[in-house]
Amino acid sequence: MTNTTSFPKGFLWGGAIAANQVEGAWNVDGKGLSVADMATYKPNVDNKDFAAHMHVTLQSIKEASEDKSDKWYPKRRGVDFYHHYKEDLALFAEMGFKTLRLSIAWTRLFPTGEELEPNEKGIAFYENVFKEMHRLGIEPIVTLSHYEMPLALAVKYNGWVERRVIDDFVRFANVCFDRFGKYVKYWLTFNEIDSIHRHPFTTAGIIQEKSAEGQEAQDIYQALHHQFVASALVTKDAHEKIPGSQVGCMLTKLMTYPLTCAPEDVELTLKKNLENNFYADVQVKGEYPARIEKDLENRGIQIKMEEGDRKTLKQYTVDFVSFSYYMSMAESADPNAERTPGNTVLGVKNPHLPSTDWGWQIDPKGLKISLIELYDRYQVPLMIVENGMGAVDTVEDGKIHDPYRIDYFKAHFQQMKEAIDEGVDLIAYTSWGPIDLVSAGTSQMSKRYGFIYVDADDEGNGTYNRLKKDSFHWYKEVIETNGASL
Ligand code: BGP
């Protein structure tokens with residue numbers, strides 16, 4: 001062990017959670033239904049098949065809205081953070097967390113999204129959470145929209161396809177700034193904004209049946225444009241209302257390698273990576289890249305823009321880039337190349353990499369490459385706001401030994417260290433799900449990411465007691481030594 005560290009003083013070590021995956025209390029204190037409350041757990045569906053879990057129809061939404069139970073809707077239960085937040089925050093503080101990334105459920109403040117005044121009980125919950133974090137010295141990083149928009153807006157307007165949703169979101173965000181601004185300096189607008197193409201309903205409330213035939217892609221780009229504009233508008237508002245505030249975009253970093261050095265593979269890979277960068281290009285540089293405009297034109301997609309939209313995008317760009325990083329993929333021109341699932345994507349299998357039980361390829365070096373690439377491209381501070389390994393844990397005599405998780409983190413932290421040594425301005429790291437929570441892609445509880453175990457199974461049975469895993473003590477030391485213990 002060396003006692004030197006590359007991590008800058010004040011580096012924000014911590015963890016990341018999302019309201020709909022932890023809070024539970026889905027119908028408590030005036031909360032309205034969100035798109036996450038429609039996500040079902042289907043024990044007979046392949047647990048690797050995110051598409052099956054995330055797909056909805058008008059009929060499934062109707063059934064889910066009428067079903068007032070949480071039996072097959074695990075995101076309605078979460079891990080009951082709503083009632084355990086003090087205990088959970090105390091555990092995070094015990095690990096030494098400098099920061100916690102969390103999201104605000106829009107439907108706790110605006111149950112249908114269209115109310116003009118917020119629900120005070122919802123405000124009170126988050127105020128209590130932020131006060132407690134403040135007391136414990138944990139800096140919040142708040143995501144305004146993490147897969148949890150009001151269901152009513154999805155049903156009525158096909159979500160973000162309709163421009164008026166911008167106003168509803170801006171009203172919600174401004175209430176957050178007004179009421180929580182004294183506690184919160186760091187804000188993220190849309191979680192994994194690029195995922196609109198992979199799961200349009202959870203990301204943007206788009207119910208595909210509602211799109212006219214042949215208009216699906218058109219609607220997705222229109223909704224995305226509205227999110228870009230909304231993001232720019234609230235960036236402006238945060239800056240005006242909260243002195244010293246910083247707003248970031250948030251992307252799924254899907255690092256892709258060519259399977260071979262055949263130029264066809266390299267070209268396809270380049271396209272994949274450019275597509276992955278498109279979202280930050282708009283949010284950091286303030287304009288649609290020419291290659292995207294041309295591609296949309298070639299595909300006959302015409303985004304309706306209002307006068308002033310381009311100026312808004314250009315004027316109110318983000319202060320930093322944040323991203324999730326779990327795995328990397330390969331790309332090949334060979335249609336028969338073997339494929340493997342990743343974070344809501346199916347990619348070509350890379351023969352050099354091991355995979356998790358869910359098939360996600362473990363690639364610490366890919367994290368370093370991503371950091372170098374993103375910093376070089378955008379020249380703004382970076383935050384890794386999700387990273388981790390979904391695994392099945394076993395409890396033996398009240399203990400959870402999870403060396404696989406420690407190995408995963410250790411390898412990734414070493415690559416972060418190297419990237420910092422090579423000049424990358426990385427300011428924060430929040431592991432995904434520092435406490436076990438309900439999986440976004442599969443609605444499983446048994447796909448665990450935490451340093452803290454929650455005694456609950458896929459069907460909601462269990463005591464919901466919290467237990468420290470071996471990795472809890474390991475991460476505590478990493479934070480205590482600011483990475484010198486690695
Ligand atoms: C990201 C989401 C998270 C999260 C994570 C892990 O895409 O932002 O909400 O859950 O992926 O994915 P999963 O829960 O499917 O394992």
# chains A, B, ... in the order shown; residues from 1 in each chain; ligands from 1
$ closest_atom_pairs --of "chain A" --to "ligand 1" --cutoff "9 Å" --atoms "only C-alpha atoms and all ligand atoms" --output "Markdown table"
| residue | atom | partner | partner_atom_place_in_ligand_line | distance |
| --- | --- | --- | --- | --- |
| A:Ala16 | CA | ligand 1 | 3 (C) | 8.9 |
| A:Ile17 | CA | ligand 1 | 9 (O) | 7.5 |
| A:Ala18 | CA | ligand 1 | 9 (O) | 6.3 |
| A:Asn20 | CA | ligand 1 | 9 (O) | 8.6 |
| A:Gln21 | CA | ligand 1 | 9 (O) | 7.3 |
| A:Lys48 | CA | ligand 1 | 15 (O) | 8.8 |
| A:Phe50 | CA | ligand 1 | 15 (O) | 7.1 |
| A:His146 | CA | ligand 1 | 8 (O) | 7.0 |
| A:Tyr147 | CA | ligand 1 | 9 (O) | 7.4 |
| A:Asn191 | CA | ligand 1 | 8 (O) | 6.1 |
| A:Glu192 | CA | ligand 1 | 8 (O) | 6.2 |
| A:Ser195 | CA | ligand 1 | 7 (O) | 8.0 |
| A:Leu251 | CA | ligand 1 | 8 (O) | 8.9 |
| A:Thr252 | CA | ligand 1 | 7 (O) | 6.6 |
| A:Ser324 | CA | ligand 1 | 1 (C) | 6.7 |
| A:Tyr325 | CA | ligand 1 | 1 (C) | 8.6 |
| A:Tyr326 | CA | ligand 1 | 6 (C) | 7.9 |
| A:Asn343 | CA | ligand 1 | 7 (O) | 6.0 |
| A:Thr344 | CA | ligand 1 | 15 (O) | 7.1 |
| A:Trp358 | CA | ligand 1 | 16 (O) | 8.4 |
| A:Glu386 | CA | ligand 1 | 5 (C) | 7.2 |
| A:Asn387 | CA | ligand 1 | 5 (C) | 8.0 |
| A:Gly388 | CA | ligand 1 | 6 (C) | 8.0 |
| A:Met389 | CA | ligand 1 | 16 (O) | 8.0 |
| A:Gly390 | CA | ligand 1 | 16 (O) | 5.8 |
| A:Trp432 | CA | ligand 1 | 5 (C) | 6.8 |
| A:Gly433 | CA | ligand 1 | 10 (O) | 7.8 |
| A:Leu437 | CA | ligand 1 | 14 (O) | 8.1 |
| A:Val438 | CA | ligand 1 | 14 (O) | 6.6 |
| A:Ser439 | CA | ligand 1 | 14 (O) | 3.2 |
| A:Ala440 | CA | ligand 1 | 14 (O) | 3.7 |
| A:Gly441 | CA | ligand 1 | 15 (O) | 3.2 |
| A:Thr442 | CA | ligand 1 | 15 (O) | 5.6 |
| A:Ser443 | CA | ligand 1 | 14 (O) | 7.3 |
| A:Gln444 | CA | ligand 1 | 14 (O) | 7.9 |
| A:Lys447 | CA | ligand 1 | 16 (O) | 6.6 |
| A:Arg448 | CA | ligand 1 | 16 (O) | 8.0 |
| A:Tyr449 | CA | ligand 1 | 16 (O) | 8.0 |
$ select_by_dssp --residues "stretch 46-209 of chain A" --states "alpha helix (DSSP H)" --output "ChimeraX atom specification"
/A:50-54,58-66,74-77,81-95,106-109,120-136,151-157,165-180,200-204
$ atom_distance --atom1 "atom CA of A:Glu132" --atom2 "atom CA of A:Ala90"
9.0 Å
$ select_by_dssp --residues "stretch 315-415 of chain A" --states "strand (DSSP E)" --output "list in words"
Phe320, Val321, Ser322, Phe323, Ser324, Ser328, Met329, Ala330, Glu331, Arg339, Thr340, Pro341, Leu346, Gly347, Val348, Leu382, Met383, Ile384, Val385 and Glu386 of chain A
$ residues_around --residues "A:Ala280" --least-positions-apart "3" --cutoff "9 Å" --atoms "only C-alpha atoms" --output "compact mmCIF listing (two decimals) with N, CA and C atoms, in the first residue's frame"
# COMPACT_ATOMS: atom_id res chain seq x y z
N CYS A 249 -24.96 17.73 -17.59
CA CYS A 249 -25.74 16.77 -18.36
C CYS A 249 -25.36 15.38 -17.87
N MET A 250 -26.13 14.38 -18.25
CA MET A 250 -25.86 13.03 -17.76
C MET A 250 -26.09 12.03 -18.89
N LEU A 251 -25.06 11.24 -19.17
CA LEU A 251 -25.08 10.33 -20.31
C LEU A 251 -24.79 8.90 -19.92
N ASN A 276 -23.05 8.21 -29.56
CA ASN A 276 -23.06 8.27 -28.10
C ASN A 276 -22.66 9.67 -27.59
N ASN A 277 -21.87 10.39 -28.38
CA ASN A 277 -21.44 11.73 -27.95
C ASN A 277 -22.39 12.85 -28.35
N GLN A 283 -25.43 19.56 -25.38
CA GLN A 283 -25.56 20.20 -24.07
C GLN A 283 -24.30 20.95 -23.61
N VAL A 284 -23.15 20.58 -24.15
CA VAL A 284 -21.93 21.29 -23.77
C VAL A 284 -21.57 22.35 -24.81
N LYS A 285 -21.70 21.97 -26.09
CA LYS A 285 -21.29 22.91 -27.13
C LYS A 285 -22.45 23.80 -27.58
N GLY A 286 -23.67 23.39 -27.22
CA GLY A 286 -24.82 24.25 -27.48
C GLY A 286 -25.36 24.19 -28.90
N VAL A 321 -19.85 17.57 -17.25
CA VAL A 321 -20.44 16.37 -17.88
C VAL A 321 -20.42 15.25 -16.85
N TYR A 378 -14.62 17.74 -24.39
CA TYR A 378 -15.46 18.81 -23.83
C TYR A 378 -14.72 19.82 -22.95
$ decode --residues "stretch 264-296 of chain A" --atoms "C-alpha atoms" --output "JSON list (two decimals), in the first residue's frame"
[["chain", "number", "residue", "atom", "x", "y", "z"],
["A", 264, "GLU", "CA", -15.61, -1.62, -41.95],
["A", 265, "ASP", "CA", -15.55, -2.47, -38.24],
["A", 266, "VAL", "CA", -13.69, 0.73, -37.44],
["A", 267, "GLU", "CA", -16.15, 2.84, -39.41],
["A", 268, "LEU", "CA", -19.15, 1.28, -37.67],
["A", 269, "THR", "CA", -17.48, 1.77, -34.30],
["A", 270, "LEU", "CA", -16.74, 5.40, -35.03],
["A", 271, "LYS", "CA", -20.40, 5.95, -35.88],
["A", 272, "LYS", "CA", -21.50, 4.26, -32.64],
["A", 273, "ASN", "CA", -19.19, 6.40, -30.55],
["A", 274, "LEU", "CA", -20.16, 9.61, -32.33],
["A", 275, "GLU", "CA", -23.81, 8.81, -31.80],
["A", 276, "ASN", "CA", -23.06, 8.27, -28.10],
["A", 277, "ASN", "CA", -21.44, 11.73, -27.95],
["A", 278, "PHE", "CA", -24.23, 13.55, -29.73],
["A", 279, "TYR", "CA", -26.15, 14.38, -26.52],
["A", 280, "ALA", "CA", -23.23, 15.97, -24.73],
["A", 281, "ASP", "CA", -22.27, 17.75, -27.94],
["A", 282, "VAL", "CA", -25.63, 19.56, -27.79],
["A", 283, "GLN", "CA", -25.56, 20.20, -24.07],
["A", 284, "VAL", "CA", -21.93, 21.29, -23.77],
["A", 285, "LYS", "CA", -21.29, 22.91, -27.13],
["A", 286, "GLY", "CA", -24.82, 24.25, -27.48],
["A", 287, "GLU", "CA", -25.62, 23.04, -30.99],
["A", 288, "TYR", "CA", -26.64, 20.02, -33.00],
["A", 289, "PRO", "CA", -23.58, 18.56, -34.72],
["A", 290, "ALA", "CA", -23.65, 18.87, -38.51],
["A", 291, "ARG", "CA", -23.39, 15.08, -38.86],
["A", 292, "ILE", "CA", -26.62, 14.63, -36.88],
["A", 293, "GLU", "CA", -28.50, 17.32, -38.82],
["A", 294, "LYS", "CA", -27.48, 15.59, -42.04],
["A", 295, "ASP", "CA", -28.44, 12.16, -40.74],
["A", 296, "LEU", "CA", -31.87, 13.42, -39.69]]
